[in-house]
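Coordinates from input-v3.txt are shown below (compact mmCIF, C-alpha atoms and all ligand atoms).
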```
# COMPACT_ATOMS: atom_id res chain seq x y z
CA MET A 22 66.02 -24.37 75.84
CA GLU A 23 62.22 -24.05 75.86
CA GLY A 24 62.50 -20.76 73.90
CA SER A 25 64.49 -22.55 71.20
CA ILE A 26 61.86 -25.25 70.86
CA VAL A 27 59.07 -22.65 70.47
CA ALA A 28 61.07 -20.76 67.82
CA LEU A 29 61.69 -24.03 65.99
CA ARG A 30 57.96 -24.88 65.99
CA LYS A 31 57.07 -21.42 64.66
CA ALA A 32 59.60 -21.75 61.86
CA GLN A 33 58.18 -25.21 61.02
CA ALA A 34 54.61 -23.84 60.95
CA ALA A 35 55.65 -21.00 58.64
CA ALA A 36 57.33 -23.48 56.30
CA ASP A 37 54.17 -25.65 56.27
CA ARG A 38 52.03 -22.63 55.32
CA ARG A 39 54.38 -21.71 52.47
CA GLY A 40 54.25 -25.29 51.21
CA PHE A 41 50.48 -25.35 51.36
CA LEU A 42 50.16 -22.07 49.45
CA LYS A 43 52.56 -23.34 46.76
CA ARG A 44 50.49 -26.51 46.29
CA VAL A 45 47.27 -24.49 46.00
CA ALA A 46 48.88 -22.20 43.40
CA ALA A 47 50.18 -25.19 41.41
CA ILE A 48 46.74 -26.87 41.39
CA THR A 49 45.01 -23.64 40.30
CA ILE A 50 47.43 -23.02 37.42
CA GLY A 51 47.17 -26.67 36.33
CA ALA A 52 43.39 -26.46 36.27
CA LEU A 53 43.44 -23.26 34.20
CA VAL A 54 45.88 -24.79 31.70
CA ALA A 55 43.54 -27.77 31.28
CA ILE A 56 40.26 -25.79 31.17
CA VAL A 57 41.13 -23.02 28.69
CA PRO A 58 41.90 -25.29 25.68
CA SER A 59 38.90 -27.50 26.53
CA ALA A 60 36.57 -24.50 26.64
CA ALA A 61 37.97 -23.21 23.35
CA GLY A 62 37.47 -26.64 21.79
CA LEU A 63 33.91 -26.78 23.12
CA VAL A 64 33.12 -23.40 21.56
CA VAL A 65 34.45 -24.58 18.18
CA PHE A 66 32.54 -27.86 18.52
CA LEU A 67 29.25 -26.16 19.36
CA ASP A 68 29.69 -23.24 16.96
CA PRO A 69 27.42 -24.76 14.27
CA LEU A 70 24.56 -24.82 16.77
CA ARG A 71 24.77 -21.05 16.98
CA ARG A 72 24.33 -20.72 13.25
CA ARG A 73 20.76 -20.08 12.18
CA SER A 74 19.10 -22.80 10.20
CA ARG A 75 18.18 -21.65 6.72
CA SER A 76 15.16 -23.95 6.53
CA SER A 77 12.75 -21.08 7.20
CA ASP A 78 14.20 -18.63 4.59
CA LEU A 79 12.29 -17.72 1.43
CA VAL A 80 12.76 -20.24 -1.35
CA ARG A 81 11.95 -19.86 -5.01
CA VAL A 82 9.26 -22.31 -6.09
CA GLY A 83 8.12 -21.12 -9.52
CA SER A 84 6.96 -18.18 -11.57
CA ILE A 85 3.60 -16.51 -11.77
CA ASP A 86 3.01 -17.46 -15.41
CA GLN A 87 3.01 -21.13 -14.37
CA LEU A 88 -0.23 -20.61 -12.43
CA PRO A 89 -3.69 -21.06 -13.94
CA ALA A 90 -5.42 -17.72 -14.42
CA ASP A 91 -8.76 -19.09 -13.15
CA GLY A 92 -7.66 -19.46 -9.52
CA ARG A 93 -7.04 -23.21 -9.49
CA PRO A 94 -4.19 -24.15 -7.15
CA ARG A 95 -1.12 -25.85 -8.56
CA ARG A 96 1.31 -27.99 -6.65
CA PHE A 97 5.04 -27.21 -6.52
CA ALA A 98 7.86 -29.09 -4.88
CA VAL A 99 9.94 -27.05 -2.48
CA LEU A 100 13.68 -27.50 -2.88
CA ALA A 101 15.90 -25.77 -0.43
CA ALA A 102 19.45 -25.69 0.74
CA HIS A 103 19.58 -27.03 4.24
CA GLU A 104 22.02 -26.29 7.01
CA ASP A 105 21.88 -28.09 10.32
CA ALA A 106 24.37 -28.19 13.16
CA TRP A 107 27.20 -29.93 11.33
CA ASN A 108 26.10 -30.40 7.72
CA ARG A 109 25.36 -28.27 4.69
CA VAL A 110 23.25 -29.90 2.01
CA PRO A 111 23.07 -27.71 -1.14
CA GLN A 112 19.56 -28.55 -2.41
CA ARG A 113 17.06 -31.18 -1.42
CA PRO A 114 13.27 -31.61 -1.39
CA VAL A 115 11.84 -30.27 1.86
CA GLY A 116 8.14 -30.39 1.08
CA ALA A 117 5.42 -29.21 -1.25
CA VAL A 118 3.10 -26.24 -1.52
CA TYR A 119 0.03 -25.29 -3.51
CA LEU A 120 0.13 -21.87 -5.13
CA ARG A 121 -2.98 -20.08 -6.30
CA ARG A 122 -3.27 -16.92 -8.30
CA GLU A 123 -6.20 -14.68 -7.54
CA PRO A 124 -8.17 -14.35 -10.82
CA GLY A 125 -7.58 -11.01 -12.48
CA SER A 126 -4.66 -10.02 -10.29
CA ASP A 127 -1.03 -10.78 -9.54
CA ARG A 128 -1.76 -11.78 -6.00
CA VAL A 129 -0.44 -15.24 -5.18
CA ASP A 130 -1.46 -17.27 -2.13
CA ALA A 131 0.39 -20.32 -0.87
CA VAL A 132 -0.67 -23.14 1.41
CA SER A 133 1.36 -26.05 2.68
CA ALA A 134 0.48 -29.40 1.09
CA VAL A 135 0.77 -31.02 4.51
CA CYS A 136 -2.56 -31.83 6.17
CA PRO A 137 -2.73 -30.19 9.63
CA HIS A 138 -4.49 -33.25 11.07
CA ALA A 139 -1.64 -35.77 11.07
CA GLY A 140 0.76 -34.75 8.35
CA CYS A 141 -0.37 -36.59 5.19
CA PHE A 142 -0.13 -34.77 1.86
CA VAL A 143 -3.38 -33.34 0.54
CA THR A 144 -4.16 -33.33 -3.17
CA PHE A 145 -6.24 -30.91 -5.18
CA GLN A 146 -9.19 -32.61 -6.86
CA GLU A 147 -9.65 -30.85 -10.19
CA GLN A 148 -13.15 -32.27 -10.72
CA GLU A 149 -14.50 -31.15 -7.37
CA GLY A 150 -12.37 -28.03 -7.11
CA LEU A 151 -11.23 -28.78 -3.56
CA PHE A 152 -8.43 -30.32 -1.56
CA SER A 153 -8.83 -33.72 0.04
CA CYS A 154 -6.64 -35.72 2.34
CA PRO A 155 -6.33 -39.46 1.61
CA CYS A 156 -5.64 -40.44 5.21
CA HIS A 157 -8.75 -39.50 7.21
CA GLY A 158 -10.88 -37.58 4.75
CA SER A 159 -10.31 -33.92 5.61
CA ARG A 160 -11.52 -31.64 2.85
CA PHE A 161 -10.62 -28.03 2.20
CA GLU A 162 -11.76 -25.25 -0.10
CA ARG A 163 -9.34 -24.14 -2.79
CA THR A 164 -8.48 -21.24 -0.48
CA GLY A 165 -7.48 -23.75 2.22
CA GLU A 166 -10.48 -23.26 4.51
CA ARG A 167 -12.02 -26.42 5.96
CA ILE A 168 -15.19 -27.79 4.46
CA ASP A 169 -17.69 -28.68 7.17
CA PRO A 170 -15.39 -27.86 10.12
CA ALA A 171 -17.64 -29.71 12.60
CA ARG A 172 -16.87 -33.01 10.89
CA CYS A 173 -13.48 -32.29 9.43
CA PRO A 174 -10.73 -34.31 11.17
CA SER A 175 -8.31 -31.46 10.63
CA PRO A 176 -8.40 -29.02 13.54
CA ARG A 177 -7.56 -26.03 11.31
CA ALA A 178 -7.36 -24.79 7.74
CA LEU A 179 -4.44 -25.62 5.50
CA ASP A 180 -1.45 -23.64 6.66
CA ALA A 181 -1.00 -20.43 4.70
CA LEU A 182 2.58 -19.50 3.88
CA ALA A 183 4.07 -16.08 3.25
CA THR A 184 4.86 -15.33 -0.40
CA GLU A 185 6.84 -12.72 -2.21
CA LEU A 186 7.01 -11.84 -5.91
CA ARG A 187 10.40 -10.90 -7.32
CA GLU A 188 11.35 -9.84 -10.82
CA GLN A 189 13.52 -12.45 -12.45
CA ARG A 190 16.75 -10.95 -13.76
CA ASP A 191 19.54 -12.17 -16.01
CA GLU A 192 23.20 -12.23 -15.08
CA THR A 193 23.56 -8.56 -16.09
CA GLY A 194 20.75 -7.56 -13.75
CA GLN A 195 18.23 -6.85 -16.49
CA PRO A 196 14.61 -8.01 -15.96
CA ILE A 197 13.69 -11.10 -17.99
CA PRO A 198 10.51 -10.46 -19.99
CA GLY A 199 7.58 -12.78 -19.38
CA PRO A 200 4.24 -13.15 -21.16
CA GLY A 201 2.98 -9.80 -22.49
CA GLY A 202 6.45 -8.29 -22.25
CA ARG A 203 6.12 -7.65 -18.51
CA PRO A 204 9.04 -8.67 -16.31
CA ARG A 205 8.84 -12.31 -15.38
CA GLN A 206 7.73 -12.65 -11.75
CA GLU A 207 9.24 -15.36 -9.59
CA ILE A 208 7.32 -16.68 -6.59
CA TRP A 209 9.21 -17.07 -3.36
CA VAL A 210 7.70 -18.81 -0.37
CA ARG A 211 8.63 -18.93 3.28
CA TYR A 212 8.29 -22.67 3.73
CA GLN A 213 7.58 -23.75 7.29
CA SER A 214 6.25 -26.76 9.15
CA PHE A 215 3.52 -26.46 11.73
CA ARG A 216 2.44 -28.65 14.62
CA ALA A 217 0.05 -31.40 13.54
CA GLY A 218 -3.21 -31.94 15.39
CA ALA A 219 -3.32 -28.52 17.05
CA PRO A 220 -6.15 -26.03 16.48
CA ALA A 221 -3.61 -23.18 16.45
CA LYS A 222 -0.99 -22.76 13.78
CA ILE A 223 2.27 -23.28 15.67
CA ALA A 224 5.51 -23.24 13.73
CA VAL A 225 8.03 -25.97 14.45
CA GLU A 226 11.71 -25.90 13.52
FE1 LIG B 301 -5.30 -35.56 6.79
FE2 LIG B 301 -5.82 -37.08 8.84
S1 LIG B 301 -3.90 -36.58 8.05
S2 LIG B 301 -7.20 -36.11 7.55
```
Could you render the structure as structure tokens?
Amino acid sequence: MEGSIVALRKAQAAADRRGFLKRVAAITIGALVAIVPSAAGLVVFLDPLRRRSRSSDLVRVGSIDQLPADGRPRRFAVLAAHEDAWNRVPQRPVGAVYLRREPGSDRVDAVSAVCPHAGCFVTFQEQEGLFSCPCHGSRFERTGERIDPARCPSPRALDALATELREQRDETGQPIPGPGGRPRQEIWVRYQSFRAGAPAKIAVE
């Protein structure tokens, strides 16, 4: 009789183990079924964040024949297509730059029109031949260097931007002639923003 009871208990314990293992398997499969679609949806949802913003790409701002030959800077608006995490805006104003052509050459320099002190827009004063900031009085040479750095509120020079000259071409790929019959040169600028108030030039997204 006692042997029968022991055998019965063993059989019951084995049945309990099988039931437990089945429940664990069911919970695991249920969790996987729920997680996989959620993870896939999360990847799709976050995918735009993995795309690189185009705000720092080169943008066309003008042509070299628009610049004064005597080295005076000229202001240009920067229009650029913008792409953020979930939106694509074809073209919109993103800032302004001053372009300057080195007298007697095709070299073009660009500086941001944003004052490095606190972000106001500087203007070029034709009479004085320098940049000034209306907010706190920073003044800069036409090259962008600070005038009287010891007193200048701006902690650094105007931010220089990378430029590139490209031949302008028509829809057939032929160069478009500019003044003097030379191919018309477009000016492309890598427009960037930099941290205000810092002595070092630190790019911000
Ligand atoms: Fe230009 Fe302050 S923002 S001097």
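Using all atoms listed in the file, the shortest contact distance between ligand LIG 301 (chain B) and any of A:Cys136, A:Leu100, A:Ile197, A:Ala183 is found at A:Cys136.
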Item to complete: Check every protein, DNA and RNA residue against ligand LIG 301 (chain B), keep those with an atom at most 7 Å away (counting all atoms listed in the file), and present them as a VMD selection string.
Response: chain A and resid 136 to 141 143 154 to 159 174 to 175
Discussion item. List as an MDAnalysis selection string the protein and nucleic acid residues near Pro94 of chain A, meaning an atom at most 6 Å away when only C-alpha atoms are counted, but skip any in the same chain fewer than 2 places from it.
Written reply: chainID A and resid 119:121
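When atom CA of Arg160 of chain A is paired with atom CA of Arg177 of chain A, their separation reads 10.9 Å.
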Draw an axis-aligned box over all listed atoms of segment 177-186 of chain A, pad each side with 4 Å, and write its centre and edge lengths in Å, one decimal, as JSON.
```
{"center_x": -0.3, "center_y": -18.9, "center_z": 2.7, "size_x": 22.6, "size_y": 22.2, "size_z": 25.2}
```
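Taking all atoms listed in the file into account, Gln146 of chain A lies nearest to A:Glu162 out of the set A:Asp130, A:Asp105, A:Glu226, A:Glu162.
The interatomic distance for the pair atom CA of Gln206 of chain A and atom CA of Thr164 of chain A works out to 21.5 Å.
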Worksheet item: For the point (7.9, -20.3, -1.3) in file coordinates, what residues are within 6 Å, counting all atoms listed in the file? Give the answer as JSON, numbers by chain?
Response: {"A": [79, 80, 81, 82, 184, 209, 210, 211, 212]}
Worksheet item: If you measure from atom CA of Ala178 of chain A to atom CA of Ala102 of chain A, what distance in Å do you get, rounded to one decimal?
Response: 27.7 Å
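Among the candidates A:Pro124, A:Gly83, A:Gly150, A:Pro89, the residue lying nearest to Glu188 of chain A is A:Gly83 (atoms considered: all atoms listed in the file).
Candidate residues A:Ser214, A:Pro198, A:Asp191, A:Arg203 were compared for distance to Val132 of chain A, and the nearest is A:Ser214, using only C-alpha atoms.
You can rank A:Lys222, A:Arg109, A:Arg205, A:Arg122 by their closest distance to Arg187 of chain A using only C-alpha atoms, and at the top of that list sits A:Arg205.
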